[in-house]
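> Got a file for you: start10.txt, compact mmCIF, C-alpha atoms and all ligand atoms.
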```
# COMPACT_ATOMS: atom_id res chain seq x y z
CA MET I 1 112.54 -29.81 -52.05
CA ASN I 2 111.12 -27.32 -54.48
CA LYS I 3 111.26 -23.72 -53.14
CA ALA I 4 107.73 -22.86 -54.25
CA PHE I 5 106.40 -25.89 -52.40
CA VAL I 6 108.24 -24.90 -49.19
CA LEU I 7 106.84 -21.37 -49.47
CA ALA I 8 103.29 -22.62 -50.02
CA ALA I 9 103.57 -25.04 -47.10
CA THR I 10 104.92 -22.29 -44.82
CA LEU I 11 102.07 -19.96 -45.81
CA LEU I 12 99.53 -22.67 -45.07
CA VAL I 13 101.00 -23.39 -41.64
CA THR I 14 101.15 -19.66 -40.87
CA ALA I 15 97.53 -19.20 -41.93
CA ALA I 16 96.43 -22.09 -39.72
CA CYS I 17 98.36 -20.69 -36.77
CA THR I 18 97.07 -17.14 -37.09
CA GLU I 19 93.45 -18.30 -37.37
CA LYS I 20 91.62 -17.46 -34.14
CA PRO I 21 90.82 -20.78 -32.41
CA PHE I 22 87.26 -21.24 -31.18
CA GLU I 23 87.14 -21.27 -27.41
CA GLY I 24 83.41 -21.12 -26.74
CA ALA I 25 80.96 -23.77 -25.49
CA LEU I 26 80.18 -26.77 -27.71
CA PRO I 27 77.04 -28.96 -27.91
CA SER I 28 77.01 -32.56 -26.72
CA PRO I 29 76.11 -35.22 -29.31
CA HIS I 30 72.69 -35.54 -27.59
CA GLN I 31 72.06 -31.82 -27.90
CA LEU I 32 73.09 -31.92 -31.57
CA ALA I 33 70.64 -34.75 -32.27
CA TRP I 34 67.96 -32.85 -30.33
CA GLN I 35 68.48 -29.67 -32.39
CA ASP I 36 68.22 -31.66 -35.62
CA MET I 37 64.69 -32.71 -34.60
CA GLU I 38 63.58 -29.09 -35.20
CA MET I 39 59.89 -29.70 -34.39
CA THR I 40 58.39 -31.68 -31.49
CA MET I 41 54.82 -31.89 -30.19
CA PHE I 42 53.63 -31.10 -26.68
CA CYS I 43 50.52 -32.82 -25.29
CA HIS I 44 48.92 -31.26 -22.22
CA PHE I 45 46.50 -33.89 -20.93
CA GLY I 46 45.08 -34.64 -17.47
CA PRO I 47 42.21 -33.66 -15.14
CA ASN I 48 42.33 -30.10 -16.58
CA THR I 49 41.18 -31.55 -19.92
CA PHE I 50 37.90 -32.38 -18.15
CA THR I 51 37.52 -29.32 -15.89
CA GLY I 52 38.63 -26.56 -18.26
CA LEU I 53 41.17 -25.27 -15.70
CA GLU I 54 44.73 -24.36 -16.68
CA TRP I 55 46.11 -25.06 -13.22
CA GLY I 56 44.18 -27.78 -11.39
CA GLU I 57 43.75 -27.46 -7.62
CA GLY I 58 45.10 -30.91 -6.81
CA THR I 59 41.82 -31.81 -5.07
CA GLU I 60 40.01 -33.05 -8.20
CA ALA I 61 38.42 -36.51 -7.88
CA GLU I 62 40.47 -39.12 -9.76
CA ASP I 63 37.31 -40.25 -11.57
CA LEU I 64 37.23 -36.94 -13.40
CA PHE I 65 40.00 -38.27 -15.61
CA ASN I 66 37.97 -40.38 -17.98
CA PRO I 67 38.94 -40.27 -21.67
CA THR I 68 36.17 -42.08 -23.52
CA ASP I 69 38.34 -43.43 -26.34
CA LEU I 70 42.04 -42.88 -25.63
CA ASP I 71 44.00 -43.36 -28.84
CA CYS I 72 47.67 -42.43 -28.45
CA ARG I 73 48.38 -43.98 -31.85
CA GLN I 74 46.25 -41.28 -33.41
CA TRP I 75 48.39 -38.61 -31.66
CA VAL I 76 51.59 -40.26 -32.82
CA ARG I 77 50.50 -40.82 -36.42
CA THR I 78 49.25 -37.25 -36.64
CA ALA I 79 52.48 -35.91 -35.17
CA LYS I 80 54.54 -37.99 -37.57
CA ALA I 81 52.54 -36.95 -40.62
CA ALA I 82 52.95 -33.31 -39.58
CA GLY I 83 56.74 -33.70 -39.36
CA PHE I 84 57.23 -33.73 -35.60
CA LYS I 85 60.09 -35.94 -34.45
CA GLY I 86 59.06 -36.36 -30.82
CA ILE I 87 56.17 -35.98 -28.36
CA ILE I 88 56.34 -34.66 -24.80
CA ILE I 89 53.42 -35.54 -22.53
CA THR I 90 52.45 -33.87 -19.24
CA ALA I 91 52.92 -37.06 -17.21
CA LYS I 92 52.24 -34.95 -14.10
CA HIS I 93 51.09 -31.32 -14.20
CA HIS I 94 50.96 -29.01 -11.18
CA ASP I 95 47.76 -30.67 -9.85
CA GLY I 96 49.84 -33.78 -9.08
CA PHE I 97 47.66 -36.25 -11.00
CA CYS I 98 49.87 -38.97 -12.51
CA LEU I 99 48.97 -40.37 -15.94
CA TRP I 100 50.74 -43.57 -14.90
CA PRO I 101 50.29 -45.62 -11.71
CA SER I 102 53.06 -43.94 -9.73
CA PRO I 103 54.01 -46.03 -6.67
CA VAL I 104 54.53 -42.89 -4.56
CA SER I 105 51.20 -41.16 -5.20
CA LYS I 106 47.57 -41.85 -4.38
CA HIS I 107 46.37 -39.47 -7.06
CA THR I 108 46.87 -41.41 -10.28
CA VAL I 109 45.09 -43.29 -13.09
CA ARG I 110 45.12 -46.29 -10.75
CA GLU I 111 42.75 -44.53 -8.32
CA SER I 112 40.37 -43.60 -11.16
CA SER I 113 37.68 -45.84 -12.60
CA TRP I 114 39.01 -45.22 -16.13
CA ARG I 115 39.70 -48.71 -17.52
CA ASN I 116 38.94 -50.05 -14.03
CA GLY I 117 42.07 -48.40 -12.68
CA GLU I 118 44.30 -50.37 -15.04
CA GLY I 119 44.95 -47.72 -17.64
CA ASP I 120 48.42 -46.20 -18.19
CA VAL I 121 48.73 -43.30 -20.63
CA LEU I 122 52.53 -43.35 -20.57
CA LYS I 123 52.58 -47.02 -21.51
CA GLU I 124 50.24 -46.56 -24.45
CA LEU I 125 51.99 -43.44 -25.69
CA SER I 126 55.55 -44.73 -25.31
CA GLU I 127 54.63 -47.94 -27.16
CA ALA I 128 52.95 -46.01 -29.97
CA CYS I 129 56.03 -43.75 -30.25
CA ALA I 130 58.36 -46.75 -30.44
CA GLU I 131 56.19 -48.39 -33.13
CA GLU I 132 56.12 -45.26 -35.28
CA GLY I 133 59.72 -44.16 -34.72
CA ILE I 134 58.84 -40.97 -32.86
CA LYS I 135 60.81 -40.02 -29.75
CA PHE I 136 59.08 -40.02 -26.35
CA GLY I 137 59.56 -37.25 -23.76
CA VAL I 138 58.01 -36.30 -20.44
CA TYR I 139 56.92 -33.19 -18.55
CA ILE I 140 56.97 -34.00 -14.84
CA SER I 141 56.10 -30.95 -12.76
CA PRO I 142 58.11 -30.55 -9.55
CA TRP I 143 55.27 -28.35 -8.23
CA ASP I 144 52.62 -30.63 -6.78
CA ARG I 145 49.37 -29.30 -5.33
CA ASN I 146 48.30 -32.74 -4.14
CA ASP I 147 51.28 -34.42 -2.50
CA PRO I 148 51.06 -34.13 1.32
CA HIS I 149 54.87 -33.98 1.58
CA TYR I 150 55.12 -30.92 -0.67
CA GLY I 151 56.84 -28.06 1.18
CA THR I 152 58.96 -30.39 3.35
CA PRO I 153 62.44 -31.84 2.66
CA GLU I 154 60.88 -35.30 2.26
CA TYR I 155 59.14 -34.18 -0.90
CA ASN I 156 62.44 -34.00 -2.78
CA ASP I 157 62.88 -37.73 -2.17
CA VAL I 158 59.28 -38.43 -3.16
CA PHE I 159 59.93 -36.50 -6.36
CA VAL I 160 63.08 -38.52 -7.04
CA GLN I 161 61.02 -41.71 -6.72
CA THR I 162 58.43 -40.20 -9.04
CA LEU I 163 61.17 -39.57 -11.61
CA GLU I 164 62.53 -43.07 -11.13
CA SER I 165 59.18 -44.70 -11.81
CA VAL I 166 58.96 -42.94 -15.20
CA LEU I 167 62.61 -42.85 -16.22
CA GLY I 168 63.75 -46.16 -14.74
CA GLY I 169 63.04 -48.12 -17.91
CA ALA I 170 59.33 -48.96 -17.77
CA TYR I 171 58.65 -46.63 -20.70
CA GLY I 172 61.88 -46.97 -22.66
CA PRO I 173 64.21 -44.16 -23.70
CA VAL I 174 63.21 -40.57 -22.97
CA PHE I 175 64.65 -37.91 -25.28
CA GLU I 176 63.68 -34.89 -23.18
CA GLN I 177 62.79 -34.25 -19.55
CA TRP I 178 60.75 -31.06 -19.18
CA PHE I 179 61.07 -29.27 -15.85
CA ASP I 180 58.66 -26.42 -15.38
CA GLY I 181 59.96 -23.64 -13.14
CA ALA I 182 56.57 -23.01 -11.43
CA ASN I 183 57.01 -23.24 -7.67
CA GLY I 184 53.66 -22.51 -6.00
CA GLU I 185 52.21 -23.66 -2.71
CA GLY I 186 51.25 -27.23 -1.90
CA PRO I 187 48.20 -28.52 0.00
CA ASN I 188 49.73 -27.37 3.32
CA GLY I 189 50.30 -23.81 2.05
CA LYS I 190 54.08 -24.28 1.95
CA LYS I 191 56.46 -23.84 -0.95
CA GLN I 192 59.11 -26.40 -1.78
CA VAL I 193 62.84 -25.72 -1.87
CA TYR I 194 63.71 -27.83 -4.91
CA ASP I 195 66.93 -29.83 -4.94
CA TRP I 196 67.78 -29.29 -8.61
CA PRO I 197 71.18 -31.03 -8.58
CA LEU I 198 69.45 -34.11 -7.12
CA PHE I 199 66.65 -34.00 -9.73
CA ASN I 200 68.97 -33.47 -12.68
CA GLY I 201 71.38 -36.11 -11.42
CA THR I 202 68.53 -38.62 -11.16
CA VAL I 203 67.39 -37.93 -14.73
CA LEU I 204 70.87 -38.23 -16.20
CA LYS I 205 71.71 -41.36 -14.21
CA LEU I 206 68.63 -43.15 -15.61
CA GLN I 207 68.46 -41.54 -19.06
CA PRO I 208 71.93 -40.20 -19.95
CA GLN I 209 70.78 -39.12 -23.40
CA ALA I 210 67.86 -37.03 -22.08
CA VAL I 211 68.04 -33.30 -22.81
CA ILE I 212 66.81 -31.55 -19.66
CA PHE I 213 64.68 -28.45 -20.21
CA SER I 214 64.47 -25.62 -17.66
CA ASP I 215 65.19 -21.90 -17.54
CA VAL I 216 68.86 -22.75 -17.06
CA GLY I 217 69.14 -26.09 -18.84
CA PRO I 218 71.37 -28.05 -18.49
CA GLY I 219 70.13 -29.48 -21.83
CA CYS I 220 68.03 -26.69 -23.31
CA ARG I 221 66.40 -23.48 -22.11
CA TRP I 222 63.02 -21.77 -22.14
CA VAL I 223 62.86 -19.12 -24.86
CA GLY I 224 61.41 -16.56 -22.42
CA ASN I 225 57.85 -16.29 -23.77
CA GLU I 226 54.93 -18.54 -24.65
CA GLU I 227 54.01 -16.74 -27.88
CA GLY I 228 56.35 -18.67 -30.12
CA HIS I 229 59.29 -16.42 -30.92
CA ALA I 230 63.00 -16.73 -30.36
CA GLY I 231 65.20 -13.65 -30.66
CA ARG I 232 66.27 -12.53 -34.12
CA THR I 233 69.67 -12.70 -32.51
CA ASN I 234 69.79 -16.07 -30.81
CA TRP I 235 72.87 -17.70 -29.33
CA GLY I 236 72.78 -21.36 -28.32
CA THR I 237 74.97 -20.45 -25.35
CA LEU I 238 73.99 -19.09 -21.94
CA ASN I 239 75.51 -17.94 -18.66
CA ILE I 240 73.81 -19.64 -15.74
CA GLU I 241 76.01 -18.70 -12.82
CA GLY I 242 73.81 -17.47 -9.95
CA PHE I 243 70.54 -18.44 -11.65
CA THR I 244 67.99 -21.17 -10.89
CA PRO I 245 64.97 -22.44 -12.84
CA GLY I 246 61.77 -20.40 -12.42
CA GLN I 247 61.72 -17.09 -10.51
CA GLY I 248 65.51 -17.09 -10.14
CA GLY I 249 66.09 -17.59 -13.87
CA PRO I 250 68.02 -15.37 -16.28
CA SER I 251 66.29 -12.28 -17.74
CA ARG I 252 63.67 -12.80 -20.43
CA GLU I 253 66.05 -11.10 -22.82
CA SER I 254 68.88 -13.54 -22.09
CA LEU I 255 66.50 -16.47 -22.46
CA ASN I 256 65.24 -15.10 -25.76
CA GLU I 257 68.62 -14.20 -27.27
CA GLY I 258 71.09 -16.36 -25.36
CA ASP I 259 74.47 -14.94 -24.30
CA ARG I 260 77.11 -14.35 -26.95
CA ASP I 261 79.87 -15.44 -24.60
CA GLY I 262 77.72 -17.90 -22.63
CA ALA I 263 79.82 -20.48 -20.81
CA PHE I 264 77.37 -23.34 -21.51
CA TRP I 265 75.69 -24.75 -24.60
CA ILE I 266 71.99 -24.41 -23.68
CA PRO I 267 69.95 -23.76 -26.85
CA ALA I 268 66.46 -22.26 -26.83
CA GLU I 269 63.27 -24.30 -27.05
CA THR I 270 60.17 -22.38 -28.15
CA ASP I 271 57.06 -23.78 -26.45
CA VAL I 272 53.74 -22.43 -27.67
CA SER I 273 50.20 -23.77 -27.89
CA ILE I 274 48.19 -24.21 -31.08
CA ARG I 275 45.23 -22.98 -28.97
CA PRO I 276 44.87 -20.09 -26.51
CA GLY I 277 45.22 -22.47 -23.53
CA TRP I 278 47.61 -25.34 -22.83
CA PHE I 279 44.74 -27.78 -22.18
CA TRP I 280 41.91 -28.66 -24.57
CA ARG I 281 38.55 -26.90 -24.22
CA ALA I 282 35.54 -27.25 -26.52
CA SER I 283 35.12 -23.46 -26.35
CA GLU I 284 38.49 -23.00 -28.08
CA ASN I 285 37.84 -25.28 -31.06
CA ASP I 286 37.33 -22.19 -33.20
CA GLN I 287 40.53 -20.52 -31.95
CA VAL I 288 43.09 -22.98 -33.29
CA LYS I 289 45.96 -20.98 -34.79
CA SER I 290 45.83 -20.38 -38.54
CA VAL I 291 48.40 -21.69 -41.03
CA GLN I 292 49.66 -18.09 -41.39
CA HIS I 293 50.21 -17.90 -37.64
CA LEU I 294 51.90 -21.31 -37.52
CA LEU I 295 54.24 -20.31 -40.36
CA LYS I 296 55.15 -17.12 -38.49
CA ILE I 297 55.93 -19.25 -35.42
CA TYR I 298 57.99 -21.65 -37.57
CA TYR I 299 60.07 -18.82 -39.05
CA GLU I 300 60.58 -17.27 -35.62
CA SER I 301 61.58 -20.49 -33.87
CA VAL I 302 63.06 -23.14 -36.20
CA GLY I 303 64.17 -20.28 -38.47
CA ARG I 304 65.90 -18.56 -35.57
CA ASN I 305 68.09 -21.32 -34.19
CA SER I 306 65.48 -22.76 -31.84
CA LEU I 307 63.58 -26.02 -31.56
CA LEU I 308 59.79 -25.63 -31.81
CA LEU I 309 57.68 -27.46 -29.20
CA LEU I 310 54.11 -27.00 -30.41
CA ASN I 311 51.37 -27.93 -27.96
CA VAL I 312 48.44 -29.85 -29.48
CA PRO I 313 46.30 -30.91 -26.51
CA PRO I 314 44.18 -34.08 -26.72
CA ASP I 315 40.45 -33.71 -26.04
CA THR I 316 38.11 -35.52 -23.61
CA ARG I 317 37.89 -38.53 -25.95
CA GLY I 318 41.67 -38.81 -25.81
CA HIS I 319 42.01 -37.79 -29.47
CA LEU I 320 43.71 -34.85 -31.10
CA HIS I 321 40.65 -32.90 -32.21
CA GLU I 322 39.89 -32.86 -35.95
CA VAL I 323 40.25 -29.06 -36.12
CA ASP I 324 43.82 -29.33 -34.78
CA SER I 325 44.83 -32.37 -36.83
CA THR I 326 43.47 -30.82 -40.04
CA ARG I 327 45.35 -27.60 -39.29
CA LEU I 328 48.55 -29.55 -38.73
CA MET I 329 48.20 -31.23 -42.13
CA GLU I 330 47.63 -27.84 -43.78
CA PHE I 331 50.71 -26.48 -41.99
CA ARG I 332 52.77 -29.46 -43.20
CA ALA I 333 51.53 -29.02 -46.76
CA ALA I 334 52.50 -25.33 -46.65
CA LEU I 335 56.02 -26.11 -45.39
CA ASP I 336 56.45 -28.82 -48.03
CA GLN I 337 55.39 -26.44 -50.77
CA ILE I 338 57.63 -23.60 -49.59
CA PHE I 339 60.73 -25.75 -49.20
CA ALA I 340 60.20 -28.10 -52.16
CA ASN I 341 62.49 -26.32 -54.58
CA ASN I 342 65.92 -24.99 -53.67
CA VAL I 343 66.95 -22.50 -56.37
CA ALA I 344 70.47 -22.03 -54.98
CA GLY I 345 73.05 -23.16 -57.54
CA HIS I 346 76.81 -23.18 -57.39
CA VAL I 347 78.39 -21.65 -54.27
CA LYS I 348 81.89 -20.14 -54.15
CA ARG I 349 83.63 -19.19 -50.94
CA SER I 350 86.28 -16.54 -50.85
CA GLY I 351 87.45 -15.54 -47.37
CA ASN I 352 84.32 -14.76 -45.41
CA THR I 353 82.13 -14.22 -48.48
CA TRP I 354 79.94 -16.85 -50.10
CA THR I 355 78.67 -16.09 -53.62
CA VAL I 356 75.66 -18.13 -54.65
CA LYS I 357 74.18 -18.53 -58.15
CA ALA I 358 70.39 -18.21 -58.11
CA GLN I 359 68.41 -20.26 -60.59
CA GLY I 360 65.04 -18.61 -60.04
CA PRO I 361 63.20 -15.99 -57.97
CA PHE I 362 63.28 -16.33 -54.18
CA ASN I 363 62.34 -14.62 -50.93
CA ARG I 364 63.77 -16.97 -48.28
CA LEU I 365 67.41 -17.64 -47.49
CA VAL I 366 68.20 -20.69 -45.36
CA LEU I 367 71.60 -20.83 -43.69
CA LYS I 368 73.06 -23.49 -41.45
CA GLU I 369 76.20 -23.27 -39.38
CA ASP I 370 78.31 -26.30 -38.48
CA ILE I 371 77.40 -25.96 -34.80
CA ALA I 372 79.24 -29.13 -33.78
CA LYS I 373 82.25 -26.80 -33.97
CA GLY I 374 80.50 -24.02 -32.03
CA GLN I 375 78.22 -21.13 -32.89
CA ARG I 376 80.55 -18.56 -34.38
CA ILE I 377 78.76 -16.15 -36.70
CA ALA I 378 77.78 -12.86 -35.01
CA ALA I 379 76.89 -10.69 -38.02
CA PHE I 380 76.40 -11.08 -41.77
CA THR I 381 75.08 -9.14 -44.72
CA VAL I 382 73.11 -10.39 -47.70
CA GLU I 383 73.51 -8.62 -51.07
CA ALA I 384 72.00 -9.19 -54.49
CA HIS I 385 73.77 -8.42 -57.75
CA THR I 386 71.86 -5.85 -59.79
CA ALA I 387 72.52 -3.83 -62.96
CA GLU I 388 73.84 -1.04 -60.69
CA GLY I 389 76.15 -3.39 -58.75
CA TRP I 390 75.73 -5.07 -55.35
CA LYS I 391 72.66 -4.04 -53.38
CA THR I 392 72.28 -4.84 -49.67
CA LEU I 393 69.09 -6.78 -48.95
CA THR I 394 69.54 -7.13 -45.20
CA GLU I 395 72.01 -7.08 -42.34
CA GLU I 396 71.56 -9.85 -39.79
CA THR I 397 73.31 -11.28 -36.73
CA THR I 398 73.40 -14.95 -35.65
CA VAL I 399 72.89 -18.16 -37.67
CA GLY I 400 73.28 -21.27 -35.48
CA HIS I 401 71.55 -24.58 -36.28
CA LYS I 402 69.26 -22.98 -38.87
CA ARG I 403 68.51 -19.40 -39.80
CA ILE I 404 65.75 -18.54 -42.24
CA VAL I 405 66.01 -14.95 -43.44
CA LEU I 406 62.83 -13.42 -44.83
CA LEU I 407 64.06 -11.45 -47.83
CA PRO I 408 62.14 -9.12 -50.13
CA GLN I 409 61.05 -10.77 -53.36
CA THR I 410 64.33 -11.04 -55.30
CA GLU I 411 65.37 -11.86 -58.83
CA THR I 412 69.09 -11.91 -59.36
CA GLU I 413 71.72 -14.13 -60.86
CA GLU I 414 73.97 -13.93 -57.85
CA LEU I 415 73.58 -13.47 -54.13
CA ARG I 416 76.44 -12.65 -51.78
CA ILE I 417 76.59 -13.50 -48.08
CA THR I 418 79.41 -11.88 -46.12
CA VAL I 419 80.15 -12.72 -42.52
CA THR I 420 81.22 -9.42 -41.02
CA GLU I 421 81.78 -10.56 -37.44
CA SER I 422 82.47 -13.97 -35.98
CA LEU I 423 83.98 -15.55 -32.87
CA ALA I 424 86.31 -17.69 -35.02
CA LYS I 425 86.50 -18.85 -38.63
CA PRO I 426 82.85 -18.98 -39.82
CA LEU I 427 81.64 -22.41 -40.95
CA ILE I 428 78.48 -22.33 -43.06
CA SER I 429 77.32 -25.87 -43.82
CA GLU I 430 74.25 -25.21 -45.95
CA ILE I 431 72.79 -22.44 -48.10
CA GLY I 432 69.30 -22.62 -49.61
CA LEU I 433 67.09 -20.22 -51.55
CA TYR I 434 63.33 -20.72 -51.68
CA GLN I 435 60.17 -19.08 -52.92
CA ASP I 436 57.41 -18.74 -50.32
CA SER I 437 54.16 -17.69 -51.96
CA ILE I 438 52.02 -18.60 -48.93
CA TYR I 439 53.15 -16.62 -45.89
CA HIS I 440 52.57 -12.87 -45.87
CA GLU I 441 54.31 -10.78 -43.20
C1 LIG Z 1 53.93 -23.24 -17.66
C2 LIG Z 1 52.90 -24.01 -16.82
O1 LIG Z 1 52.60 -23.33 -15.63
C3 LIG Z 1 51.74 -24.14 -17.77
O2 LIG Z 1 50.62 -24.70 -17.13
C4 LIG Z 1 52.18 -24.96 -18.95
O3 LIG Z 1 52.42 -26.29 -18.56
C5 LIG Z 1 53.41 -24.36 -19.62
C6 LIG Z 1 54.00 -25.19 -20.72
O4 LIG Z 1 54.41 -24.10 -18.67
O5 LIG Z 1 54.92 -22.69 -16.95
```
Turn this file's structure into structure tokens for me.
Ligand code: FUL

Amino acid sequence: MNKAFVLAATLLVTAACTEKPFEGALPSPHQLAWQDMEMTMFCHFGPNTFTGLEWGEGTEAEDLFNPTDLDCRQWVRTAKAAGFKGIIITAKHHDGFCLWPSPVSKHTVRESSWRNGEGDVLKELSEACAEEGIKFGVYISPWDRNDPHYGTPEYNDVFVQTLESVLGGAYGPVFEQWFDGANGEGPNGKKQVYDWPLFNGTVLKLQPQAVIFSDVGPGCRWVGNEEGHAGRTNWGTLNIEGFTPGQGGPSRESLNEGDRDGAFWIPAETDVSIRPGWFWRASENDQVKSVQHLLKIYYESVGRNSLLLLNVPPDTRGHLHEVDSTRLMEFRAALDQIFANNVAGHVKRSGNTWTVKAQGPFNRLVLKEDIAKGQRIAAFTVEAHTAEGWKTLTEETTVGHKRIVLLPQTETEELRITVTESLAKPLISEIGLYQDSIYHE
């Protein structure tokens, strides 16, 4: 064998052996698919839509729920046109009212005179989602201000049966189960001790692909605020030992930024409403968030390694209101315009530095990490080549599924990205450069 070849082969083997192996948490295939969705829509709908309350009392008459022209297809088509890949509906909010005829409740659509007690919002929505190729998800609140068993051990079994009636197959596959951490008092003044392992086990037995949301996962975590921003540093990993959903959850800071050495893969989901409240109110029709505000939310959620769950609440007709749907189309048009033209040209990697040719002016850098192999990058710098040499544009921290860096307006022939700290060999899977002439910081 040729000596040079032996030497080269030995060097290669040595390099492979000395490379720090990645030992951190990894995503499941379901979590990876979930993160790729990037944007999903939340629909808060129920008695509160008709009373104007945010938290119903649980004593509302069933007849109050009376959408005059329910059209879930309109929600789904609007969501699809706006680029959302899934919809999560409040099947049961804290007031206990079920948007489907739950066999273990007497406070449901069945007890209302809407469609003579034969209506089923989950049926209509899940069918519309299946027809349009949008994923269907459910918010089922463990807190129940109506159920007489709430506050007693029996309630946990009632809640399991509630889950079973939604997740057991009647409405097809569920991509996400949303568990709110709120744990208030029930009709008898008592609080419930939730059996989380039982609840999570029930969900995963019936819908193994479902990503379960709570303050501690196991599928994804709350981002720690309802304003629409993930941390500029944002790890997809979290430590959950000793924590529970709700009051006993990790600190807001941990939820917002994740834990660098977190033992579990539990990425952040940013839930925020397009309106001031979670439920629709006529009085808030003129307070729907502007395109500028939605772009800021997009950059600070999707652009910071988080999935965006944007709440667009249906109105008393059972439609997404025209103000909201128009705003969503304007938001979509803005995103399409900003990301239409990638001016990044040839990329060359040398060690932990990527040098990118730029074929036009830009002010946004999009980076993606190959997270199937773990989130590794902890710090990186971005430099532009100028007549005086390399000039630092910014110093940043994590990347993850997608990181969009807002750069100053830049014209250069070459850009350099250097990973200065990482948990193992950094793996960047995508680099893009774009010109955003719409959003102003
Ligand atoms: C909160 C709930 O208490 C709100 O009513 C709303 O559903 C929001 C998404 O989560 O914790």
> Could you give me, as a Markdown table, every chain I residue with an atom at most 7 Å from ligand LIG 1 (chain Z), plus its closest atom pair and distance in Å to one decimal, counting all atoms listed in the file, rows ordered by chain then number?

```
| residue | atom | partner | partner_atom | distance |
| --- | --- | --- | --- | --- |
| I:Glu54 | CA | Z:LIG1 | O2 | 5.9 |
| I:Trp55 | CA | Z:LIG1 | O2 | 6.0 |
| I:His93 | CA | Z:LIG1 | O3 | 6.8 |
| I:Asp180 | CA | Z:LIG1 | O5 | 5.5 |
| I:Gly181 | CA | Z:LIG1 | O5 | 6.4 |
| I:Ala182 | CA | Z:LIG1 | O5 | 5.8 |
| I:Asp271 | CA | Z:LIG1 | C6 | 6.6 |
| I:Trp278 | CA | Z:LIG1 | C4 | 6.0 |
```
> Give me, as JSON lines, each residue of segment 257-330 of chain I that comes within 7 Å of segment 75-91 of chain I, together with its shortest interatomic pair and the distance in Å at one decimal, counting all atoms listed in the file, with rows ordered by chain and rising residue number.

```
{"residue": "I:His319", "atom": "CA", "partner": "I:Trp75", "partner_atom": "CA", "distance": 6.8}
{"residue": "I:Leu320", "atom": "CA", "partner": "I:Trp75", "partner_atom": "CA", "distance": 6.0}
{"residue": "I:Ser325", "atom": "CA", "partner": "I:Thr78", "partner_atom": "CA", "distance": 6.6}
{"residue": "I:Leu328", "atom": "CA", "partner": "I:Ala82", "partner_atom": "CA", "distance": 5.8}
{"residue": "I:Met329", "atom": "CA", "partner": "I:Ala82", "partner_atom": "CA", "distance": 5.8}
```
> Would you pick out the contacts of Arg327 of chain I at 9 Å or less, using all atoms listed in the file, so that residues sharing its chain but fewer than 5 positions from it are not included, and give the list as a PyMOL selection string?
chain I and resi 288-291+322+332
> For atom CA of Lys205 of chain I and atom CA of Gln247 of chain I, determine how far apart the two atoms are, in Å to one decimal place.
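Rounded to one decimal, the two atoms are 26.5 Å apart.
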> Provide the atom CA of His107 of chain I to atom CA of Gly277 of chain I distance in Å, to one decimal place.
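So the two atoms, atom CA of His107 of chain I and atom CA of Gly277 of chain I, lie 23.7 Å apart.
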> Neighbours of Glu369 of chain I within 8 Å (all atoms listed in the file; same-chain residues fewer than 4 positions away dropped), as a VMD selection string?
chain I and resid 375 399 to 402 426 to 430
> Rank nothing, just name the residue among I:Phe199, I:Asn183, I:Glu421, I:Phe65 nearest to Glu111 of chain I, using all atoms listed in the file.
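Using all atoms listed in the file, Glu111 of chain I sits closest to I:Phe65.
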> Write out as a tab-separated table the residues of segment 31-143 of chain I that have any atom within 12 Å of an atom of segment 147-169 of chain I, one row each with the nearest atom pair and its distance in Å to one decimal, counting all atoms listed in the file, sorted by chain and then rising number.

```
residue	atom	partner	partner_atom	distance
I:Glu57	CA	I:Asp147	CA	11.5
I:Gly58	CA	I:Asp147	CA	8.3
I:Thr59	CA	I:Asp147	CA	10.1
I:Ile89	CA	I:Val166	CA	11.8
I:Thr90	CA	I:Val166	CA	11.9
I:Ala91	CA	I:Val166	CA	8.7
I:Lys92	CA	I:Thr162	CA	9.6
I:His94	CA	I:Asp147	CA	10.2
I:Asp95	CA	I:Asp147	CA	9.0
I:Gly96	CA	I:Asp147	CA	6.8
I:Phe97	CA	I:Asp147	CA	9.4
I:Cys98	CA	I:Thr162	CA	9.3
I:Leu99	CA	I:Val166	CA	10.3
I:Trp100	CA	I:Val166	CA	8.2
I:Pro101	CA	I:Ser165	CA	8.9
I:Ser102	CA	I:Ser165	CA	6.5
I:Pro103	CA	I:Ser165	CA	7.4
I:Val104	CA	I:Thr162	CA	6.5
I:Ser105	CA	I:Asp147	CA	7.3
I:Lys106	CA	I:Asp147	CA	8.5
I:His107	CA	I:Asp147	CA	8.4
I:Thr108	CA	I:Asp147	CA	11.4
I:Asp120	CA	I:Val166	CA	11.4
I:Val121	CA	I:Val166	CA	11.6
I:Leu122	CA	I:Val166	CA	8.4
I:Lys123	CA	I:Val166	CA	9.9
I:Ser126	CA	I:Val166	CA	10.8
I:Phe136	CA	I:Leu167	CA	11.1
I:Gly137	CA	I:Leu167	CA	9.9
I:Val138	CA	I:Val166	CA	8.5
I:Tyr139	CA	I:Leu163	CA	10.3
I:Ile140	CA	I:Leu163	CA	7.7
I:Ser141	CA	I:Phe159	CA	9.3
I:Pro142	CA	I:Phe159	CA	7.0
I:Trp143	CA	I:Tyr150	CA	8.0
```
